[in-house]
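Enquirer: One structure, as structure tokens, below. Some questions next.
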Amino acid sequence: MQRGGRRQRAGHHRVMIGAALLLGAAVATTSASREFPDVPIAAADARVGQVQPDHVFEPSTAQSAGVGRRGREVAVPILTYHVIASPPRAAPYPGLYVRPAQFIQQVRALAKAGWHGVTLDQVEAHWTHGAPLPRRPIVLTFDNGYLSQYAIALPILRRMGWLADENIQLTELPPAQGGLSRRQVRALIAAGWELDTQGMSHADLVTLSTGQLHHEVADARRLLRHRFGVPVTWFCYPSGHYDARVIAAVAAAGYTGSTTTITGWARLSTDWYRLPRIRVLGGTSGATLLREIDAARTSGPPPAAYS
């Protein structure tokens, strides 16, 4: 896999987490509860913190590097979610909040179009060994580790028979501000979700020293593997920032690959340490999401570096 690309410097960029606020929009939660009565959208479980956005990028026109692996060339869209909730009144990035009723609409639209939620490990097993996949596989990734991912997204997807990926960060997102507890992470794993990571603290990796980078990438994987007994095979670049040095650190830590914030579909033939994703913003209807997924199919692979 190609891991080159010049390093680009940027200011230190960490998760900004505000005080916990109750989720609003009683209409949305009532609708979600009515359609999915097993979804626990109680106020105590619906508190989330403010979220730090991953930057929006234009699709890259760079050519695929190719990875030389054996397997079937099946392109798979990877969706990016953050909070499944109504945005608090003072939320600085309300677009990262998808209301529960909207999320249900999106999942139903995807299912009606033939999509079925799987994990990145399942996609990798298909690419590498030809393991079976649904006719139209799609990966839903949930970044940071917000409580609503367990309280709301999990029951909805479980009822659909879908799996998903949790890209958890290990610090600076405590339960009081919307973070997942260890018990809730174990519940996600028991339900078949894949546990991956954005590192220890969602730091801007391209700005870190060698020791700090190792801590964010390698120590995070080692801690999660020890704590939860799962492989943790994929990394998610915080805010989408990466360069050749960051990619090398992720590979050295034993990750199979990494996901970016660049729009596109993931393919066997592209660099697995630069897999594109499709961000799902608040207010996106099911029909609009289907169009966005279709439009992203022809996007080029992510660039060699971004910060």
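So you can find residues: chains in the structure tokens are A, B, ... in the order shown, residues in each start at 1, and ligands are numbered from 1 in order.
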Write out as a VMD selection string which residues come within 10 Å of A:Asn167 when counting only C-alpha atoms, dropping same-chain ones fewer than 6 positions away.

Expert: chain A and resid 80 82 141 to 146 194 to 199 232 234 to 238 259

Enquirer: Write the residues you've just listed into a file as a short mmCIF file (atom, residue, chain, number, x, y, z; two decimals), in the first residue's frame, and include N, CA and C atoms for each of them.

Expert:
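Saved as part22.cif:
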data_model
loop_
_atom_site.label_atom_id
_atom_site.label_comp_id
_atom_site.auth_asym_id
_atom_site.auth_seq_id
_atom_site.Cartn_x
_atom_site.Cartn_y
_atom_site.Cartn_z
N THR A 80 -20.91 7.84 7.82
CA THR A 80 -20.39 8.41 9.06
C THR A 80 -21.52 9.08 9.84
N HIS A 82 -22.59 10.66 13.92
CA HIS A 82 -22.09 11.11 15.22
C HIS A 82 -23.17 10.89 16.28
N THR A 141 -20.72 3.67 10.36
CA THR A 141 -19.75 3.93 11.41
C THR A 141 -20.26 5.05 12.31
N PHE A 142 -20.01 4.90 13.61
CA PHE A 142 -20.43 5.89 14.59
C PHE A 142 -19.19 6.40 15.32
N ASP A 143 -18.92 7.69 15.18
CA ASP A 143 -17.68 8.26 15.69
C ASP A 143 -17.79 8.76 17.13
N ASN A 144 -16.67 8.72 17.83
CA ASN A 144 -16.44 9.31 19.15
C ASN A 144 -16.94 8.46 20.32
N GLY A 145 -18.12 7.87 20.22
CA GLY A 145 -18.64 7.08 21.33
C GLY A 145 -19.71 7.79 22.12
N TYR A 146 -20.70 8.38 21.46
CA TYR A 146 -21.78 9.08 22.13
C TYR A 146 -22.85 8.11 22.63
N GLU A 194 -18.81 -3.94 15.73
CA GLU A 194 -17.35 -3.98 15.71
C GLU A 194 -16.80 -2.77 16.46
N LEU A 195 -15.82 -3.00 17.32
CA LEU A 195 -15.21 -1.91 18.07
C LEU A 195 -13.91 -1.50 17.40
N ASP A 196 -13.87 -0.26 16.93
CA ASP A 196 -12.67 0.34 16.38
C ASP A 196 -12.39 1.63 17.16
N THR A 197 -11.48 2.45 16.72
CA THR A 197 -11.12 3.60 17.55
C THR A 197 -10.66 4.80 16.75
N GLN A 198 -10.85 5.98 17.37
CA GLN A 198 -10.29 7.23 16.87
C GLN A 198 -9.08 7.65 17.70
N GLY A 199 -8.61 6.76 18.56
CA GLY A 199 -7.45 7.06 19.38
C GLY A 199 -7.82 7.44 20.80
N VAL A 232 -9.99 -4.89 17.40
CA VAL A 232 -9.78 -3.46 17.12
C VAL A 232 -8.86 -3.32 15.91
N TRP A 234 -9.42 -1.56 12.91
CA TRP A 234 -9.51 -0.38 12.04
C TRP A 234 -9.37 0.89 12.85
N PHE A 235 -8.68 1.86 12.28
CA PHE A 235 -8.49 3.16 12.91
C PHE A 235 -9.32 4.19 12.14
N CYS A 236 -9.73 5.23 12.83
CA CYS A 236 -10.48 6.33 12.21
C CYS A 236 -9.75 7.63 12.51
N TYR A 237 -9.28 8.32 11.48
CA TYR A 237 -8.49 9.53 11.69
C TYR A 237 -9.34 10.64 12.32
N PRO A 238 -8.97 11.14 13.50
CA PRO A 238 -9.72 12.23 14.11
C PRO A 238 -9.76 13.46 13.21
N THR A 259 -10.06 4.74 8.22
CA THR A 259 -11.09 5.48 7.49
C THR A 259 -10.83 6.98 7.59
#

Enquirer: Given only C-alpha atoms as the basis, pick out the residue of A:Pro100, A:Pro155, A:Gly211, A:Pro137 nearest to A:Ala266.

Expert: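 Among the listed residues, A:Pro137 lies closest to A:Ala266.
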
Enquirer: Which residues come within 10 Å of A:Val123, counting only C-alpha atoms, excluding same-chain residues fewer than 2 positions away, as a list of chain:residue names?

Expert: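 Counting only the stated atoms, we get A:Val74, A:Ala75, A:Val76, A:Val118, A:Thr119, A:Leu120, A:Asp121, A:Ala125, A:His126, A:Trp127, A:Thr128, A:His129, A:Gly130, A:Ala131, A:Pro132, A:Leu133, A:Pro137, A:Ile138, A:Val139, A:Ala266, A:Arg267, A:Leu268.
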
Enquirer: Neighbours of A:Pro87 within 7 Å (only C-alpha atoms; same-chain residues fewer than 2 positions away dropped), as a tab-separated table (two decimals) with C-alpha atoms, in the first residue's frame?

Expert:
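Done, and the output landed in out05.tsv:
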chain	number	residue	atom	x	y	z
A	23	LEU	CA	-32.23	16.21	23.80
A	85	ALA	CA	-30.51	12.94	18.67
A	89	ARG	CA	-30.19	24.65	21.45
A	91	ALA	CA	-24.96	23.08	19.75
A	94	PRO	CA	-26.05	20.96	14.79
A	97	TYR	CA	-27.01	15.48	15.11

Enquirer: Would you pick out the contacts of A:Pro77 at 12 Å or less, using only C-alpha atoms, so that residues sharing its chain but fewer than 4 positions from it are not included, and give the list as a PyMOL selection string?

Expert: chain A and resi 110+115-120+123+136-141+259+262-267+275-280+289-290+292-299

Enquirer: Can you list, as a PDB file with N, CA and C atoms, in the first residue's frame, every protein, DNA or RNA residue that comes within 9 Å of A:Asp219 when you count only C-alpha atoms, leaving out same-chain residues fewer than 5 positions away?

Expert:
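Just written: result-v5.pdb:
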ATOM      1  N   GLY A 199      -8.614   6.758  18.564  1.00  0.00           N
ATOM      2  CA  GLY A 199      -7.452   7.056  19.385  1.00  0.00           C
ATOM      3  C   GLY A 199      -7.825   7.437  20.801  1.00  0.00           C
ATOM      4  N   MET A 200      -6.843   7.873  21.554  1.00  0.00           N
ATOM      5  CA  MET A 200      -7.053   8.167  22.959  1.00  0.00           C
ATOM      6  C   MET A 200      -7.935   9.390  23.181  1.00  0.00           C
ATOM      7  N   HIS A 214       2.347   7.667  19.008  1.00  0.00           N
ATOM      8  CA  HIS A 214       2.307   6.261  19.427  1.00  0.00           C
ATOM      9  C   HIS A 214       1.254   6.050  20.518  1.00  0.00           C
ATOM     10  N   LEU A 224      -7.785  -1.029  24.383  1.00  0.00           N
ATOM     11  CA  LEU A 224      -9.105  -1.532  24.008  1.00  0.00           C
ATOM     12  C   LEU A 224      -9.111  -3.049  23.861  1.00  0.00           C
ATOM     13  N   ALA A 253       1.061  -0.130  14.296  1.00  0.00           N
ATOM     14  CA  ALA A 253       0.281  -0.547  15.459  1.00  0.00           C
ATOM     15  C   ALA A 253      -0.552  -1.792  15.192  1.00  0.00           C
TER      16      ALA A 253
END

Enquirer: For atom CA of A:Arg222 and atom CA of A:Leu180, determine how far apart the two atoms are, in Å to one decimal place.

Expert: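 It comes out at 18.6 Å.
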
Enquirer: Please provide the set of residues having any atom within 10 Å of A:Tyr273, restricted to only C-alpha atoms, with same-chain residues fewer than 6 positions apart removed, written as a list in words.

Expert: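 Once the adjacent positions are removed, what remains is Met1, Gln2, Arg3, Trp234, Phe235, Cys236, Tyr237, Tyr242, Val246, Ile247, Ala248, Val250, Ala251, Tyr255, Thr256, Gly257, Ser258, Thr259, Thr260, Pro302 and Ala304 of chain A.
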
Enquirer: Among stretch 48-272 of chain A, which residues carry a DSSP assignment of strand (DSSP E or B), reported as a PyMOL selection string?

Expert: chain A and resi 48+60+76-81+83+97+115-118+136-144+146+165-169+179+194-199+234-236+242+257-259+265-266

Enquirer: Restricting the calculation to only C-alpha atoms: of A:Leu205, A:Val230, A:Pro88, A:Leu170, which residue gets closest to A:Ala190?

Expert: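 The shortest atom-to-atom distance to A:Ala190 comes from A:Val230.
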
Enquirer: Between A:Ala203, A:Val217, A:Arg158, A:Gly229, single out the one closest to A:Arg186, counting only C-alpha atoms.

Expert: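 Smallest separation from A:Arg186 among the options: A:Gly229.
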
Enquirer: Could you give me, as a VMD selection string, each residue of stretch 80-199 of chain A that DSSP assigns to helix (DSSP H, G or I) when run on this structure's backbone?

Expert: chain A and resid 94 to 96 100 to 112 120 to 129 147 to 160 175 to 177 182 to 190

Enquirer: Just write the chosen residues, N, CA and C atoms, as a short mmCIF file (atom, residue, chain, number, x, y, z; two decimals), in the first residue's frame.

Expert:
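Saved as selection_16.cif:
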data_model
loop_
_atom_site.label_atom_id
_atom_site.label_comp_id
_atom_site.auth_asym_id
_atom_site.auth_seq_id
_atom_site.Cartn_x
_atom_site.Cartn_y
_atom_site.Cartn_z
N PRO A 94 -24.79 21.70 14.79
CA PRO A 94 -26.05 20.96 14.79
C PRO A 94 -26.17 19.95 13.66
N GLY A 95 -25.40 20.12 12.59
CA GLY A 95 -25.47 19.19 11.47
C GLY A 95 -25.00 17.80 11.82
N LEU A 96 -24.25 17.66 12.92
CA LEU A 96 -23.75 16.34 13.31
C LEU A 96 -24.76 15.57 14.16
N PRO A 100 -33.67 10.97 15.85
CA PRO A 100 -34.04 9.54 15.81
C PRO A 100 -35.02 9.19 14.70
N ALA A 101 -36.06 10.00 14.54
CA ALA A 101 -37.05 9.71 13.49
C ALA A 101 -36.41 9.76 12.11
N GLN A 102 -35.48 10.71 11.92
CA GLN A 102 -34.78 10.82 10.65
C GLN A 102 -33.87 9.60 10.43
N PHE A 103 -33.22 9.16 11.48
CA PHE A 103 -32.36 7.98 11.37
C PHE A 103 -33.18 6.75 10.98
N ILE A 104 -34.33 6.59 11.58
CA ILE A 104 -35.22 5.48 11.22
C ILE A 104 -35.61 5.57 9.75
N GLN A 105 -35.94 6.77 9.30
CA GLN A 105 -36.31 6.96 7.89
C GLN A 105 -35.16 6.58 6.98
N GLN A 106 -33.94 6.98 7.35
CA GLN A 106 -32.77 6.67 6.53
C GLN A 106 -32.54 5.17 6.45
N VAL A 107 -32.60 4.50 7.61
CA VAL A 107 -32.36 3.06 7.63
C VAL A 107 -33.42 2.33 6.81
N ARG A 108 -34.65 2.75 6.94
CA ARG A 108 -35.72 2.10 6.17
C ARG A 108 -35.55 2.33 4.67
N ALA A 109 -35.11 3.53 4.29
CA ALA A 109 -34.87 3.81 2.87
C ALA A 109 -33.73 2.96 2.35
N LEU A 110 -32.68 2.81 3.14
CA LEU A 110 -31.56 1.97 2.74
C LEU A 110 -32.01 0.52 2.57
N ALA A 111 -32.77 0.03 3.53
CA ALA A 111 -33.24 -1.36 3.46
C ALA A 111 -34.15 -1.58 2.25
N LYS A 112 -35.03 -0.63 1.99
CA LYS A 112 -35.93 -0.75 0.84
C LYS A 112 -35.16 -0.78 -0.47
N LEU A 120 -16.76 -3.51 8.96
CA LEU A 120 -15.56 -3.43 8.14
C LEU A 120 -14.81 -4.76 8.12
N ASP A 121 -14.80 -5.46 9.24
CA ASP A 121 -14.14 -6.77 9.26
C ASP A 121 -14.81 -7.74 8.29
N GLN A 122 -16.12 -7.68 8.18
CA GLN A 122 -16.83 -8.54 7.23
C GLN A 122 -16.47 -8.16 5.80
N VAL A 123 -16.35 -6.88 5.53
CA VAL A 123 -15.94 -6.43 4.20
C VAL A 123 -14.53 -6.91 3.89
N GLU A 124 -13.63 -6.76 4.86
CA GLU A 124 -12.24 -7.21 4.66
C GLU A 124 -12.17 -8.71 4.42
N ALA A 125 -12.98 -9.48 5.15
CA ALA A 125 -12.99 -10.93 4.96
C ALA A 125 -13.48 -11.29 3.55
N HIS A 126 -14.41 -10.52 3.04
CA HIS A 126 -14.89 -10.76 1.68
C HIS A 126 -13.82 -10.39 0.66
N TRP A 127 -13.20 -9.23 0.84
CA TRP A 127 -12.16 -8.80 -0.08
C TRP A 127 -10.99 -9.78 -0.10
N THR A 128 -10.61 -10.26 1.06
CA THR A 128 -9.41 -11.08 1.18
C THR A 128 -9.65 -12.56 0.92
N HIS A 129 -10.77 -13.07 1.43
CA HIS A 129 -11.02 -14.52 1.37
C HIS A 129 -12.29 -14.90 0.65
N LEU A 147 -23.46 8.48 23.74
CA LEU A 147 -24.44 7.62 24.39
C LEU A 147 -25.60 7.26 23.48
N SER A 148 -26.03 8.18 22.64
CA SER A 148 -27.17 7.93 21.76
C SER A 148 -26.89 6.80 20.77
N GLN A 149 -25.63 6.53 20.51
CA GLN A 149 -25.30 5.42 19.60
C GLN A 149 -25.71 4.08 20.21
N TYR A 150 -25.57 3.99 21.54
CA TYR A 150 -26.03 2.80 22.26
C TYR A 150 -27.52 2.85 22.55
N ALA A 151 -28.00 3.99 23.04
CA ALA A 151 -29.38 4.10 23.50
C ALA A 151 -30.39 4.12 22.38
N ILE A 152 -30.02 4.64 21.23
CA ILE A 152 -30.99 4.83 20.15
C ILE A 152 -30.61 4.04 18.89
N ALA A 153 -29.37 4.21 18.40
CA ALA A 153 -28.99 3.54 17.15
C ALA A 153 -28.96 2.02 17.29
N LEU A 154 -28.42 1.52 18.39
CA LEU A 154 -28.31 0.07 18.56
C LEU A 154 -29.66 -0.64 18.47
N PRO A 155 -30.68 -0.24 19.22
CA PRO A 155 -31.96 -0.96 19.11
C PRO A 155 -32.59 -0.88 17.73
N ILE A 156 -32.44 0.26 17.07
CA ILE A 156 -33.00 0.40 15.73
C ILE A 156 -32.32 -0.56 14.76
N LEU A 157 -30.99 -0.59 14.77
CA LEU A 157 -30.27 -1.46 13.85
C LEU A 157 -30.43 -2.92 14.23
N ARG A 158 -30.52 -3.21 15.51
CA ARG A 158 -30.72 -4.60 15.93
C ARG A 158 -32.05 -5.13 15.44
N ARG A 159 -33.07 -4.28 15.46
CA ARG A 159 -34.37 -4.70 14.95
C ARG A 159 -34.32 -4.98 13.45
N MET A 160 -33.43 -4.28 12.74
CA MET A 160 -33.27 -4.50 11.30
C MET A 160 -32.38 -5.69 11.00
N PRO A 175 -19.04 9.88 30.53
CA PRO A 175 -20.47 9.56 30.52
C PRO A 175 -21.36 10.75 30.83
N ALA A 176 -20.94 11.62 31.73
CA ALA A 176 -21.77 12.78 32.07
C ALA A 176 -21.96 13.73 30.90
N GLN A 177 -21.10 13.62 29.89
CA GLN A 177 -21.22 14.48 28.72
C GLN A 177 -21.58 13.67 27.47
N ARG A 182 -18.25 1.49 29.95
CA ARG A 182 -17.69 0.19 29.56
C ARG A 182 -18.81 -0.84 29.40
N ARG A 183 -19.80 -0.78 30.27
CA ARG A 183 -20.92 -1.72 30.16
C ARG A 183 -21.64 -1.54 28.83
N GLN A 184 -21.82 -0.31 28.39
CA GLN A 184 -22.51 -0.05 27.13
C GLN A 184 -21.67 -0.48 25.94
N VAL A 185 -20.36 -0.28 26.02
CA VAL A 185 -19.48 -0.76 24.95
C VAL A 185 -19.57 -2.28 24.86
N ARG A 186 -19.57 -2.96 25.98
CA ARG A 186 -19.70 -4.42 25.97
C ARG A 186 -21.03 -4.85 25.38
N ALA A 187 -22.07 -4.07 25.62
CA ALA A 187 -23.38 -4.40 25.04
C ALA A 187 -23.36 -4.25 23.52
N LEU A 188 -22.68 -3.23 23.03
CA LEU A 188 -22.53 -3.08 21.58
C LEU A 188 -21.81 -4.28 20.98
N ILE A 189 -20.73 -4.68 21.62
CA ILE A 189 -19.95 -5.83 21.14
C ILE A 189 -20.79 -7.09 21.18
N ALA A 190 -21.54 -7.30 22.27
CA ALA A 190 -22.38 -8.48 22.39
C ALA A 190 -23.45 -8.52 21.31
#

Enquirer: Taking into account only C-alpha atoms, which residue in the set A:Pro301, A:Pro92, A:Pro134, A:Gly254 is nearest to A:Thr233?

Expert: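 Selected residue with least distance to A:Thr233: A:Gly254.
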
Enquirer: What is the distance between atom CA of A:Gly179 and atom CA of A:Val83, in Å to one decimal?

Expert: 10.7 Å

Enquirer: Using atom CA of A:Ser86 and atom CA of A:Gly178 as the two end points, give the distance in Å to one decimal.

Expert: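 Between atom CA of A:Ser86 and atom CA of A:Gly178 the gap is 13.3 Å.
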